[in-house]
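Have a look at the structure below before the remarks.
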Amino acid sequence: AADVTDPDALAAALATATEAHGPIEVLVASAGINRESLAARTSSQMWDEVISADLTGTFNTVRAVTPAMMRARKGRIVLVSSAIAARGGVGLSAYGAAKGGVEGLTRSLARELAPRGITVNAVAPGFVTTAMTASLPDHIRTAYLEQIPLGRFADVTDIAGPVLFLASPAAAYVTGAILGVDGGLGMGR
């Protein structure tokens, strides 16, 4: 466990993980927060917290593992974006901007790291039943549900399968992809 906004804490956690399990071959960067607020009411502190955790934290994590992956000339990196990056959302300007940044980061890293045998992809979940989404008011949950063609919210296991695929040898020729895992919410992205 580590605060992804703190590069020193992250380096210590990665050293502990490497010592316990060997070289890191797969990274899934999924840390994230949200501070729901209309843009006009979003304070600089709220904006900075979301961008720091969701975008800069993702970059910090990738930066911490890539030197060893580059030396090994192999690795799988899976970043977690959101359907909100492509769709937008009321009260989600900081979150949408951060997740849009994660998608741009995914594509740039894919080009940069491919010559070293490292793939970089992202999953873009829709509405997933988590502690973060459980706090949303019922009317917002209902409005999202009405927009999902599969007619249900995702469970974390619905997201885990595609992540496992992107981390597996079966996805050896997939890089720079943003895989929507959203029940059809982001169709046409």
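Note on naming: chains are A, B, ... as they come in the structure tokens, residues start from 1 per chain, ligands start from 1 in the order shown.
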
Residue contacts of range 50-57 of chain A (7 Å, only C-alpha atoms) excluding same-chain residues fewer than 5 positions away, as a PDB file with N, CA and C atoms, in the first residue's frame:
```pdb
ATOM      1  N   VAL A   4       0.035   7.087  -4.010  1.00  0.00           N
ATOM      2  CA  VAL A   4       0.624   7.241  -5.346  1.00  0.00           C
ATOM      3  C   VAL A   4       1.017   8.681  -5.654  1.00  0.00           C
ATOM      4  N   THR A   5       0.581   9.621  -4.825  1.00  0.00           N
ATOM      5  CA  THR A   5       0.985  11.015  -5.025  1.00  0.00           C
ATOM      6  C   THR A   5       2.322  11.311  -4.378  1.00  0.00           C
ATOM      7  N   ALA A  31      -5.492   3.510  -8.885  1.00  0.00           N
ATOM      8  CA  ALA A  31      -5.795   4.438  -7.792  1.00  0.00           C
ATOM      9  C   ALA A  31      -6.562   5.632  -8.338  1.00  0.00           C
ATOM     10  N   GLY A  32      -7.560   6.054  -7.598  1.00  0.00           N
ATOM     11  CA  GLY A  32      -8.318   7.203  -8.058  1.00  0.00           C
ATOM     12  C   GLY A  32      -9.275   7.713  -6.997  1.00  0.00           C
ATOM     13  N   ILE A  33      -9.601   8.982  -7.120  1.00  0.00           N
ATOM     14  CA  ILE A  33     -10.579   9.623  -6.249  1.00  0.00           C
ATOM     15  C   ILE A  33     -11.475  10.506  -7.112  1.00  0.00           C
ATOM     16  N   ASN A  34     -12.526  11.017  -6.524  1.00  0.00           N
ATOM     17  CA  ASN A  34     -13.377  11.985  -7.194  1.00  0.00           C
ATOM     18  C   ASN A  34     -13.862  12.995  -6.165  1.00  0.00           C
ATOM     19  N   ARG A  35     -13.969  14.215  -6.572  1.00  0.00           N
ATOM     20  CA  ARG A  35     -14.548  15.275  -5.761  1.00  0.00           C
ATOM     21  C   ARG A  35     -15.645  15.901  -6.611  1.00  0.00           C
ATOM     22  N   ALA A  94     -13.074  17.750 -13.064  1.00  0.00           N
ATOM     23  CA  ALA A  94     -11.713  17.356 -12.663  1.00  0.00           C
ATOM     24  C   ALA A  94     -11.488  15.880 -12.941  1.00  0.00           C
ATOM     25  N   TYR A  95     -12.460  15.050 -12.591  1.00  0.00           N
ATOM     26  CA  TYR A  95     -12.353  13.607 -12.806  1.00  0.00           C
ATOM     27  C   TYR A  95     -12.250  13.299 -14.301  1.00  0.00           C
ATOM     28  N   ALA A  98      -8.846  14.355 -15.615  1.00  0.00           N
ATOM     29  CA  ALA A  98      -7.795  13.436 -15.169  1.00  0.00           C
ATOM     30  C   ALA A  98      -7.839  12.141 -15.970  1.00  0.00           C
ATOM     31  N   LYS A  99      -9.033  11.590 -16.150  1.00  0.00           N
ATOM     32  CA  LYS A  99      -9.157  10.319 -16.868  1.00  0.00           C
ATOM     33  C   LYS A  99      -8.880  10.493 -18.359  1.00  0.00           C
ATOM     34  N   GLY A 101      -6.669  12.564 -19.400  1.00  0.00           N
ATOM     35  CA  GLY A 101      -5.209  12.586 -19.361  1.00  0.00           C
ATOM     36  C   GLY A 101      -4.622  11.188 -19.282  1.00  0.00           C
ATOM     37  N   VAL A 102      -5.273  10.302 -18.533  1.00  0.00           N
ATOM     38  CA  VAL A 102      -4.816   8.911 -18.447  1.00  0.00           C
ATOM     39  C   VAL A 102      -4.862   8.258 -19.835  1.00  0.00           C
TER      40      VAL A 102
END
```

Name all residues at most 12 Å from Leu166 in chain A (count only C-alpha atoms; drop same-chain ones fewer than 5 positions away) and give them as a PDB file with all heavy atoms, in the first residue's frame.
```pdb
ATOM      1  N   VAL A  26       3.881  -6.888 -14.360  1.00  0.00           N
ATOM      2  CA  VAL A  26       2.573  -6.341 -14.681  1.00  0.00           C
ATOM      3  C   VAL A  26       2.256  -5.217 -13.700  1.00  0.00           C
ATOM      4  O   VAL A  26       2.405  -5.394 -12.489  1.00  0.00           O
ATOM      5  CB  VAL A  26       1.465  -7.419 -14.585  1.00  0.00           C
ATOM      6  CG1 VAL A  26       0.086  -6.799 -14.798  1.00  0.00           C
ATOM      7  CG2 VAL A  26       1.713  -8.544 -15.572  1.00  0.00           C
ATOM      8  N   LEU A  27       1.825  -4.101 -14.239  1.00  0.00           N
ATOM      9  CA  LEU A  27       1.351  -2.993 -13.415  1.00  0.00           C
ATOM     10  C   LEU A  27      -0.091  -2.694 -13.796  1.00  0.00           C
ATOM     11  O   LEU A  27      -0.394  -2.532 -14.982  1.00  0.00           O
ATOM     12  CB  LEU A  27       2.189  -1.731 -13.649  1.00  0.00           C
ATOM     13  CG  LEU A  27       1.600  -0.443 -13.049  1.00  0.00           C
ATOM     14  CD1 LEU A  27       1.623  -0.492 -11.525  1.00  0.00           C
ATOM     15  CD2 LEU A  27       2.313   0.778 -13.572  1.00  0.00           C
ATOM     16  N   VAL A  28      -0.956  -2.643 -12.813  1.00  0.00           N
ATOM     17  CA  VAL A  28      -2.317  -2.163 -13.003  1.00  0.00           C
ATOM     18  C   VAL A  28      -2.440  -0.917 -12.131  1.00  0.00           C
ATOM     19  O   VAL A  28      -2.409  -1.008 -10.911  1.00  0.00           O
ATOM     20  CB  VAL A  28      -3.374  -3.212 -12.606  1.00  0.00           C
ATOM     21  CG1 VAL A  28      -4.779  -2.645 -12.800  1.00  0.00           C
ATOM     22  CG2 VAL A  28      -3.186  -4.497 -13.411  1.00  0.00           C
ATOM     23  N   GLY A  75       6.994  -6.396 -20.293  1.00  0.00           N
ATOM     24  CA  GLY A  75       6.092  -5.914 -19.253  1.00  0.00           C
ATOM     25  C   GLY A  75       4.733  -5.593 -19.819  1.00  0.00           C
ATOM     26  O   GLY A  75       4.561  -5.415 -21.023  1.00  0.00           O
ATOM     27  N   ARG A  76       3.776  -5.557 -18.921  1.00  0.00           N
ATOM     28  CA  ARG A  76       2.400  -5.200 -19.260  1.00  0.00           C
ATOM     29  C   ARG A  76       1.973  -4.101 -18.298  1.00  0.00           C
ATOM     30  O   ARG A  76       2.093  -4.258 -17.079  1.00  0.00           O
ATOM     31  CB  ARG A  76       1.450  -6.390 -19.097  1.00  0.00           C
ATOM     32  CG  ARG A  76       1.741  -7.564 -19.986  1.00  0.00           C
ATOM     33  CD  ARG A  76       1.118  -7.349 -21.368  1.00  0.00           C
ATOM     34  NE  ARG A  76       1.226  -8.556 -22.164  1.00  0.00           N
ATOM     35  CZ  ARG A  76       2.278  -8.848 -22.924  1.00  0.00           C
ATOM     36  NH1 ARG A  76       3.311  -8.034 -22.963  1.00  0.00           N
ATOM     37  NH2 ARG A  76       2.283  -9.942 -23.649  1.00  0.00           N
ATOM     38  N   ILE A  77       1.477  -3.014 -18.860  1.00  0.00           N
ATOM     39  CA  ILE A  77       0.960  -1.908 -18.056  1.00  0.00           C
ATOM     40  C   ILE A  77      -0.498  -1.705 -18.447  1.00  0.00           C
ATOM     41  O   ILE A  77      -0.808  -1.560 -19.636  1.00  0.00           O
ATOM     42  CB  ILE A  77       1.780  -0.619 -18.267  1.00  0.00           C
ATOM     43  CG1 ILE A  77       3.224  -0.829 -17.797  1.00  0.00           C
ATOM     44  CG2 ILE A  77       1.124   0.556 -17.549  1.00  0.00           C
ATOM     45  CD1 ILE A  77       4.160   0.320 -18.117  1.00  0.00           C
ATOM     46  N   VAL A  78      -1.371  -1.721 -17.445  1.00  0.00           N
ATOM     47  CA  VAL A  78      -2.795  -1.484 -17.669  1.00  0.00           C
ATOM     48  C   VAL A  78      -3.206  -0.323 -16.763  1.00  0.00           C
ATOM     49  O   VAL A  78      -3.098  -0.412 -15.541  1.00  0.00           O
ATOM     50  CB  VAL A  78      -3.644  -2.736 -17.348  1.00  0.00           C
ATOM     51  CG1 VAL A  78      -5.118  -2.450 -17.646  1.00  0.00           C
ATOM     52  CG2 VAL A  78      -3.150  -3.951 -18.123  1.00  0.00           C
ATOM     53  N   LEU A  79      -3.652   0.752 -17.386  1.00  0.00           N
ATOM     54  CA  LEU A  79      -4.101   1.924 -16.646  1.00  0.00           C
ATOM     55  C   LEU A  79      -5.629   1.918 -16.597  1.00  0.00           C
ATOM     56  O   LEU A  79      -6.281   1.331 -17.456  1.00  0.00           O
ATOM     57  CB  LEU A  79      -3.589   3.200 -17.321  1.00  0.00           C
ATOM     58  CG  LEU A  79      -2.083   3.252 -17.590  1.00  0.00           C
ATOM     59  CD1 LEU A  79      -1.700   4.585 -18.234  1.00  0.00           C
ATOM     60  CD2 LEU A  79      -1.292   3.013 -16.336  1.00  0.00           C
ATOM     61  N   VAL A  80      -6.182   2.577 -15.598  1.00  0.00           N
ATOM     62  CA  VAL A  80      -7.639   2.627 -15.470  1.00  0.00           C
ATOM     63  C   VAL A  80      -8.114   4.047 -15.740  1.00  0.00           C
ATOM     64  O   VAL A  80      -7.759   4.985 -15.024  1.00  0.00           O
ATOM     65  CB  VAL A  80      -8.105   2.135 -14.088  1.00  0.00           C
ATOM     66  CG1 VAL A  80      -9.622   2.252 -13.964  1.00  0.00           C
ATOM     67  CG2 VAL A  80      -7.662   0.684 -13.879  1.00  0.00           C
ATOM     68  N   ILE A 118       7.190  -3.681 -24.076  1.00  0.00           N
ATOM     69  CA  ILE A 118       6.218  -3.375 -23.020  1.00  0.00           C
ATOM     70  C   ILE A 118       4.934  -2.873 -23.672  1.00  0.00           C
ATOM     71  O   ILE A 118       4.980  -1.958 -24.497  1.00  0.00           O
ATOM     72  CB  ILE A 118       6.768  -2.301 -22.057  1.00  0.00           C
ATOM     73  CG1 ILE A 118       8.081  -2.773 -21.436  1.00  0.00           C
ATOM     74  CG2 ILE A 118       5.739  -1.953 -20.982  1.00  0.00           C
ATOM     75  CD1 ILE A 118       8.879  -1.665 -20.761  1.00  0.00           C
ATOM     76  N   THR A 119       3.808  -3.492 -23.321  1.00  0.00           N
ATOM     77  CA  THR A 119       2.523  -3.001 -23.817  1.00  0.00           C
ATOM     78  C   THR A 119       1.885  -2.102 -22.762  1.00  0.00           C
ATOM     79  O   THR A 119       2.064  -2.305 -21.566  1.00  0.00           O
ATOM     80  CB  THR A 119       1.558  -4.161 -24.160  1.00  0.00           C
ATOM     81  OG1 THR A 119       1.258  -4.894 -22.976  1.00  0.00           O
ATOM     82  CG2 THR A 119       2.158  -5.074 -25.224  1.00  0.00           C
ATOM     83  N   VAL A 120       1.168  -1.109 -23.253  1.00  0.00           N
ATOM     84  CA  VAL A 120       0.461  -0.178 -22.366  1.00  0.00           C
ATOM     85  C   VAL A 120      -0.947   0.000 -22.920  1.00  0.00           C
ATOM     86  O   VAL A 120      -1.121   0.421 -24.066  1.00  0.00           O
ATOM     87  CB  VAL A 120       1.162   1.197 -22.286  1.00  0.00           C
ATOM     88  CG1 VAL A 120       0.444   2.101 -21.290  1.00  0.00           C
ATOM     89  CG2 VAL A 120       2.633   1.045 -21.934  1.00  0.00           C
ATOM     90  N   ASN A 121      -1.916  -0.349 -22.113  1.00  0.00           N
ATOM     91  CA  ASN A 121      -3.321  -0.237 -22.491  1.00  0.00           C
ATOM     92  C   ASN A 121      -4.104   0.335 -21.321  1.00  0.00           C
ATOM     93  O   ASN A 121      -3.575   0.469 -20.215  1.00  0.00           O
ATOM     94  CB  ASN A 121      -3.875  -1.617 -22.867  1.00  0.00           C
ATOM     95  CG  ASN A 121      -3.196  -2.170 -24.101  1.00  0.00           C
ATOM     96  OD1 ASN A 121      -3.417  -1.688 -25.202  1.00  0.00           O
ATOM     97  ND2 ASN A 121      -2.354  -3.177 -23.917  1.00  0.00           N
ATOM     98  N   ALA A 122      -5.362   0.656 -21.575  1.00  0.00           N
ATOM     99  CA  ALA A 122      -6.234   1.137 -20.501  1.00  0.00           C
ATOM    100  C   ALA A 122      -7.598   0.489 -20.617  1.00  0.00           C
ATOM    101  O   ALA A 122      -8.040   0.142 -21.716  1.00  0.00           O
ATOM    102  CB  ALA A 122      -6.378   2.657 -20.557  1.00  0.00           C
ATOM    103  N   VAL A 123      -8.239   0.331 -19.493  1.00  0.00           N
ATOM    104  CA  VAL A 123      -9.658  -0.004 -19.470  1.00  0.00           C
ATOM    105  C   VAL A 123     -10.391   1.260 -19.054  1.00  0.00           C
ATOM    106  O   VAL A 123      -9.878   2.065 -18.272  1.00  0.00           O
ATOM    107  CB  VAL A 123      -9.982  -1.178 -18.518  1.00  0.00           C
ATOM    108  CG1 VAL A 123      -9.376  -2.470 -19.021  1.00  0.00           C
ATOM    109  CG2 VAL A 123      -9.565  -0.890 -17.102  1.00  0.00           C
ATOM    110  N   ILE A 159     -14.767  -5.803 -14.386  1.00  0.00           N
ATOM    111  CA  ILE A 159     -13.610  -5.019 -14.819  1.00  0.00           C
ATOM    112  C   ILE A 159     -12.343  -5.873 -14.752  1.00  0.00           C
ATOM    113  O   ILE A 159     -11.448  -5.763 -15.595  1.00  0.00           O
ATOM    114  CB  ILE A 159     -13.443  -3.755 -13.935  1.00  0.00           C
ATOM    115  CG1 ILE A 159     -14.767  -2.976 -13.823  1.00  0.00           C
ATOM    116  CG2 ILE A 159     -12.323  -2.867 -14.465  1.00  0.00           C
ATOM    117  CD1 ILE A 159     -15.436  -2.628 -15.128  1.00  0.00           C
ATOM    118  N   ALA A 160     -12.262  -6.754 -13.775  1.00  0.00           N
ATOM    119  CA  ALA A 160     -11.066  -7.572 -13.575  1.00  0.00           C
ATOM    120  C   ALA A 160     -10.762  -8.456 -14.778  1.00  0.00           C
ATOM    121  O   ALA A 160      -9.588  -8.621 -15.156  1.00  0.00           O
ATOM    122  CB  ALA A 160     -11.209  -8.420 -12.317  1.00  0.00           C
ATOM    123  N   GLY A 161     -11.772  -9.042 -15.404  1.00  0.00           N
ATOM    124  CA  GLY A 161     -11.546  -9.930 -16.544  1.00  0.00           C
ATOM    125  C   GLY A 161     -10.806  -9.244 -17.691  1.00  0.00           C
ATOM    126  O   GLY A 161      -9.783  -9.750 -18.169  1.00  0.00           O
ATOM    127  N   ALA A 171      -2.745 -10.912 -24.969  1.00  0.00           N
ATOM    128  CA  ALA A 171      -2.799  -9.526 -25.445  1.00  0.00           C
ATOM    129  C   ALA A 171      -1.420  -9.014 -25.862  1.00  0.00           C
ATOM    130  O   ALA A 171      -1.184  -7.810 -25.880  1.00  0.00           O
ATOM    131  CB  ALA A 171      -3.385  -8.625 -24.352  1.00  0.00           C
ATOM    132  N   ALA A 172      -0.530  -9.909 -26.232  1.00  0.00           N
ATOM    133  CA  ALA A 172       0.843  -9.516 -26.578  1.00  0.00           C
ATOM    134  C   ALA A 172       0.919  -8.541 -27.750  1.00  0.00           C
ATOM    135  O   ALA A 172       1.893  -7.806 -27.871  1.00  0.00           O
ATOM    136  CB  ALA A 172       1.676 -10.762 -26.884  1.00  0.00           C
ATOM    137  N   TYR A 173      -0.096  -8.544 -28.609  1.00  0.00           N
ATOM    138  CA  TYR A 173      -0.072  -7.664 -29.782  1.00  0.00           C
ATOM    139  C   TYR A 173      -1.072  -6.516 -29.646  1.00  0.00           C
ATOM    140  O   TYR A 173      -1.465  -5.893 -30.608  1.00  0.00           O
ATOM    141  CB  TYR A 173      -0.345  -8.484 -31.052  1.00  0.00           C
ATOM    142  CG  TYR A 173       0.131  -7.816 -32.309  1.00  0.00           C
ATOM    143  CD1 TYR A 173       1.480  -7.562 -32.525  1.00  0.00           C
ATOM    144  CD2 TYR A 173      -0.772  -7.435 -33.299  1.00  0.00           C
ATOM    145  CE1 TYR A 173       1.916  -6.942 -33.683  1.00  0.00           C
ATOM    146  CE2 TYR A 173      -0.354  -6.815 -34.461  1.00  0.00           C
ATOM    147  CZ  TYR A 173       0.999  -6.579 -34.647  1.00  0.00           C
ATOM    148  OH  TYR A 173       1.436  -5.965 -35.798  1.00  0.00           O
ATOM    149  N   VAL A 174      -1.478  -6.231 -28.419  1.00  0.00           N
ATOM    150  CA  VAL A 174      -2.409  -5.133 -28.149  1.00  0.00           C
ATOM    151  C   VAL A 174      -1.650  -4.082 -27.352  1.00  0.00           C
ATOM    152  O   VAL A 174      -1.167  -4.353 -26.252  1.00  0.00           O
ATOM    153  CB  VAL A 174      -3.632  -5.615 -27.339  1.00  0.00           C
ATOM    154  CG1 VAL A 174      -4.569  -4.443 -27.046  1.00  0.00           C
ATOM    155  CG2 VAL A 174      -4.360  -6.737 -28.057  1.00  0.00           C
ATOM    156  N   THR A 175      -1.543  -2.889 -27.905  1.00  0.00           N
ATOM    157  CA  THR A 175      -0.933  -1.782 -27.157  1.00  0.00           C
ATOM    158  C   THR A 175      -1.545  -0.465 -27.619  1.00  0.00           C
ATOM    159  O   THR A 175      -1.930  -0.319 -28.783  1.00  0.00           O
ATOM    160  CB  THR A 175       0.605  -1.776 -27.263  1.00  0.00           C
ATOM    161  OG1 THR A 175       1.138  -0.944 -26.216  1.00  0.00           O
ATOM    162  CG2 THR A 175       1.099  -1.312 -28.620  1.00  0.00           C
ATOM    163  N   GLY A 176      -1.681   0.460 -26.697  1.00  0.00           N
ATOM    164  CA  GLY A 176      -2.274   1.756 -27.003  1.00  0.00           C
ATOM    165  C   GLY A 176      -3.789   1.735 -27.071  1.00  0.00           C
ATOM    166  O   GLY A 176      -4.415   2.705 -27.473  1.00  0.00           O
ATOM    167  N   ALA A 177      -4.402   0.639 -26.639  1.00  0.00           N
ATOM    168  CA  ALA A 177      -5.855   0.501 -26.720  1.00  0.00           C
ATOM    169  C   ALA A 177      -6.537   1.032 -25.464  1.00  0.00           C
ATOM    170  O   ALA A 177      -6.016   0.900 -24.361  1.00  0.00           O
ATOM    171  CB  ALA A 177      -6.231  -0.968 -26.920  1.00  0.00           C
ATOM    172  N   ILE A 178      -7.702   1.614 -25.673  1.00  0.00           N
ATOM    173  CA  ILE A 178      -8.575   2.016 -24.576  1.00  0.00           C
ATOM    174  C   ILE A 178      -9.803   1.113 -24.696  1.00  0.00           C
ATOM    175  O   ILE A 178     -10.590   1.250 -25.630  1.00  0.00           O
ATOM    176  CB  ILE A 178      -8.998   3.500 -24.675  1.00  0.00           C
ATOM    177  CG1 ILE A 178      -7.811   4.429 -24.921  1.00  0.00           C
ATOM    178  CG2 ILE A 178      -9.809   3.899 -23.443  1.00  0.00           C
ATOM    179  CD1 ILE A 178      -6.769   4.468 -23.853  1.00  0.00           C
ATOM    180  N   LEU A 179      -9.941   0.194 -23.774  1.00  0.00           N
ATOM    181  CA  LEU A 179     -11.010  -0.797 -23.838  1.00  0.00           C
ATOM    182  C   LEU A 179     -12.175  -0.368 -22.950  1.00  0.00           C
ATOM    183  O   LEU A 179     -12.040  -0.324 -21.728  1.00  0.00           O
ATOM    184  CB  LEU A 179     -10.474  -2.162 -23.392  1.00  0.00           C
ATOM    185  CG  LEU A 179     -11.444  -3.330 -23.345  1.00  0.00           C
ATOM    186  CD1 LEU A 179     -12.077  -3.571 -24.720  1.00  0.00           C
ATOM    187  CD2 LEU A 179     -10.723  -4.583 -22.868  1.00  0.00           C
TER     188      LEU A 179
END
```

Just list the residues in range 68-105 of chain A DSSP gives alpha helix (DSSP H) on the backbone, as a VMD selection string.
chain A and resid 68 to 72 84 to 87 93 to 105

With all heavy atoms retained, export the selected residues as a tab-separated table (two decimals), in the first residue's frame.
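Final output, part_32.tsv:
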```
chain	number	residue	atom	x	y	z
A	68	ALA	N	12.84	-0.94	-14.63
A	68	ALA	CA	13.10	-2.39	-14.53
A	68	ALA	C	12.47	-3.13	-15.71
A	68	ALA	O	13.08	-4.06	-16.26
A	68	ALA	CB	12.57	-2.94	-13.21
A	69	MET	N	11.28	-2.73	-16.12
A	69	MET	CA	10.65	-3.36	-17.27
A	69	MET	C	11.46	-3.12	-18.54
A	69	MET	O	11.62	-4.02	-19.37
A	69	MET	CB	9.22	-2.84	-17.47
A	69	MET	CG	8.22	-3.36	-16.48
A	69	MET	SD	6.56	-2.73	-16.91
A	69	MET	CE	5.56	-3.56	-15.68
A	70	MET	N	12.00	-1.92	-18.68
A	70	MET	CA	12.80	-1.60	-19.85
A	70	MET	C	14.07	-2.43	-19.89
A	70	MET	O	14.46	-2.94	-20.95
A	70	MET	CB	13.10	-0.10	-19.90
A	70	MET	CG	11.87	0.73	-20.22
A	70	MET	SD	12.07	2.52	-19.99
A	70	MET	CE	13.43	2.89	-21.04
A	71	ARG	N	14.70	-2.61	-18.73
A	71	ARG	CA	15.90	-3.46	-18.69
A	71	ARG	C	15.56	-4.90	-19.03
A	71	ARG	O	16.32	-5.58	-19.72
A	71	ARG	CB	16.56	-3.37	-17.31
A	71	ARG	CG	17.36	-2.09	-17.09
A	71	ARG	CD	18.21	-2.15	-15.82
A	71	ARG	NE	17.42	-2.32	-14.61
A	71	ARG	CZ	16.82	-1.33	-13.95
A	71	ARG	NH1	16.93	-0.08	-14.39
A	71	ARG	NH2	16.13	-1.57	-12.84
A	72	ALA	N	14.42	-5.37	-18.57
A	72	ALA	CA	14.00	-6.75	-18.84
A	72	ALA	C	13.45	-6.91	-20.26
A	72	ALA	O	13.32	-8.03	-20.74
A	72	ALA	CB	12.94	-7.17	-17.83
A	84	ILE	N	-16.23	8.35	-18.42
A	84	ILE	CA	-16.40	9.80	-18.28
A	84	ILE	C	-15.36	10.57	-19.10
A	84	ILE	O	-15.61	11.70	-19.52
A	84	ILE	CB	-16.34	10.20	-16.78
A	84	ILE	CG1	-17.51	9.56	-16.01
A	84	ILE	CG2	-16.34	11.71	-16.59
A	84	ILE	CD1	-18.90	9.95	-16.49
A	85	ALA	N	-14.19	9.97	-19.37
A	85	ALA	CA	-13.18	10.64	-20.18
A	85	ALA	C	-13.71	10.98	-21.56
A	85	ALA	O	-13.39	12.04	-22.12
A	85	ALA	CB	-11.93	9.77	-20.31
A	86	ALA	N	-14.54	10.12	-22.12
A	86	ALA	CA	-15.09	10.35	-23.45
A	86	ALA	C	-16.48	10.99	-23.41
A	86	ALA	O	-16.81	11.79	-24.27
A	86	ALA	CB	-15.18	9.02	-24.22
A	87	ARG	N	-17.29	10.67	-22.40
A	87	ARG	CA	-18.67	11.14	-22.32
A	87	ARG	C	-18.83	12.46	-21.60
A	87	ARG	O	-19.76	13.20	-21.82
A	87	ARG	CB	-19.53	10.12	-21.56
A	87	ARG	CG	-19.80	8.84	-22.26
A	87	ARG	CD	-20.65	7.93	-21.38
A	87	ARG	NE	-21.76	8.59	-20.73
A	87	ARG	CZ	-22.98	8.73	-21.24
A	87	ARG	NH1	-23.22	8.26	-22.43
A	87	ARG	NH2	-23.93	9.32	-20.56
A	93	SER	N	-15.84	17.54	-13.83
A	93	SER	CA	-14.84	18.16	-14.70
A	93	SER	C	-13.42	17.75	-14.33
A	93	SER	O	-12.62	17.41	-15.21
A	93	SER	CB	-14.98	19.68	-14.72
A	93	SER	OG	-14.86	20.22	-13.42
A	94	ALA	N	-13.07	17.75	-13.06
A	94	ALA	CA	-11.71	17.36	-12.66
A	94	ALA	C	-11.49	15.88	-12.94
A	94	ALA	O	-10.45	15.48	-13.48
A	94	ALA	CB	-11.48	17.67	-11.18
A	95	TYR	N	-12.46	15.05	-12.59
A	95	TYR	CA	-12.35	13.61	-12.81
A	95	TYR	C	-12.25	13.30	-14.30
A	95	TYR	O	-11.39	12.52	-14.74
A	95	TYR	CB	-13.57	12.92	-12.20
A	95	TYR	CG	-13.53	11.41	-12.26
A	95	TYR	CD1	-12.74	10.68	-11.39
A	95	TYR	CD2	-14.31	10.73	-13.19
A	95	TYR	CE1	-12.72	9.29	-11.44
A	95	TYR	CE2	-14.30	9.35	-13.24
A	95	TYR	CZ	-13.51	8.63	-12.37
A	95	TYR	OH	-13.48	7.26	-12.43
A	96	GLY	N	-13.11	13.91	-15.11
A	96	GLY	CA	-13.07	13.70	-16.56
A	96	GLY	C	-11.76	14.15	-17.17
A	96	GLY	O	-11.20	13.49	-18.05
A	97	ALA	N	-11.26	15.28	-16.71
A	97	ALA	CA	-9.98	15.78	-17.22
A	97	ALA	C	-8.84	14.84	-16.85
A	97	ALA	O	-7.97	14.54	-17.67
A	97	ALA	CB	-9.70	17.18	-16.67
A	98	ALA	N	-8.85	14.36	-15.61
A	98	ALA	CA	-7.80	13.44	-15.17
A	98	ALA	C	-7.84	12.14	-15.97
A	98	ALA	O	-6.80	11.64	-16.43
A	98	ALA	CB	-7.94	13.14	-13.68
A	99	LYS	N	-9.03	11.59	-16.15
A	99	LYS	CA	-9.16	10.32	-16.87
A	99	LYS	C	-8.88	10.49	-18.36
A	99	LYS	O	-8.33	9.60	-19.01
A	99	LYS	CB	-10.53	9.69	-16.62
A	99	LYS	CG	-10.72	9.26	-15.17
A	99	LYS	CD	-9.63	8.30	-14.69
A	99	LYS	CE	-9.92	7.75	-13.31
A	99	LYS	NZ	-8.95	6.74	-12.88
A	100	GLY	N	-9.22	11.65	-18.92
A	100	GLY	CA	-8.83	11.95	-20.30
A	100	GLY	C	-7.31	12.01	-20.41
A	100	GLY	O	-6.73	11.54	-21.39
A	101	GLY	N	-6.67	12.56	-19.40
A	101	GLY	CA	-5.21	12.59	-19.36
A	101	GLY	C	-4.62	11.19	-19.28
A	101	GLY	O	-3.59	10.90	-19.91
A	102	VAL	N	-5.27	10.30	-18.53
A	102	VAL	CA	-4.82	8.91	-18.45
A	102	VAL	C	-4.86	8.26	-19.84
A	102	VAL	O	-3.95	7.51	-20.21
A	102	VAL	CB	-5.65	8.10	-17.42
A	102	VAL	CG1	-5.41	6.60	-17.55
A	102	VAL	CG2	-5.35	8.58	-16.01
A	103	GLU	N	-5.88	8.57	-20.62
A	103	GLU	CA	-5.98	7.99	-21.96
A	103	GLU	C	-4.88	8.52	-22.87
A	103	GLU	O	-4.28	7.77	-23.64
A	103	GLU	CB	-7.37	8.21	-22.53
A	103	GLU	CG	-8.41	7.42	-21.76
A	103	GLU	CD	-9.79	7.43	-22.38
A	103	GLU	OE1	-9.98	7.96	-23.50
A	103	GLU	OE2	-10.71	6.88	-21.72
A	104	GLY	N	-4.58	9.81	-22.78
A	104	GLY	CA	-3.47	10.36	-23.55
A	104	GLY	C	-2.14	9.77	-23.11
A	104	GLY	O	-1.27	9.46	-23.93
A	105	LEU	N	-1.99	9.60	-21.81
A	105	LEU	CA	-0.78	8.99	-21.26
A	105	LEU	C	-0.63	7.56	-21.76
A	105	LEU	O	0.46	7.13	-22.13
A	105	LEU	CB	-0.84	9.02	-19.72
A	105	LEU	CG	0.33	8.43	-18.95
A	105	LEU	CD1	1.62	9.19	-19.25
A	105	LEU	CD2	0.02	8.44	-17.46
```

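Going from CA of Thr129 in chain A over to CA of Ile148 in chain A, you cover 13.6 Å.
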
So which one's closest to Ala11 in chain A, A:Arg63, A:Pro23, A:Ala40, A:Gly126? Using only C-alpha atoms, please.
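The answer is A:Arg63, which sits nearest to Ala11 in chain A.
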
Please report the interatomic distance between CA of Pro162 in chain A and CA of Val181 in chain A in Å with one decimal.
7.7 Å

Give me every strand (DSSP E) residue in chain A, going by DSSP on the backbone, as number ranges by chain.
A: 26-29, 75-80, 118-125, 178-181

Within 10 Å of Thr16 in chain A, counting only C-alpha atoms, which residues show up once you throw out same-chain ones fewer than 6 positions away? Write them as a VMD selection string, please.
chain A and resid 1 10 22
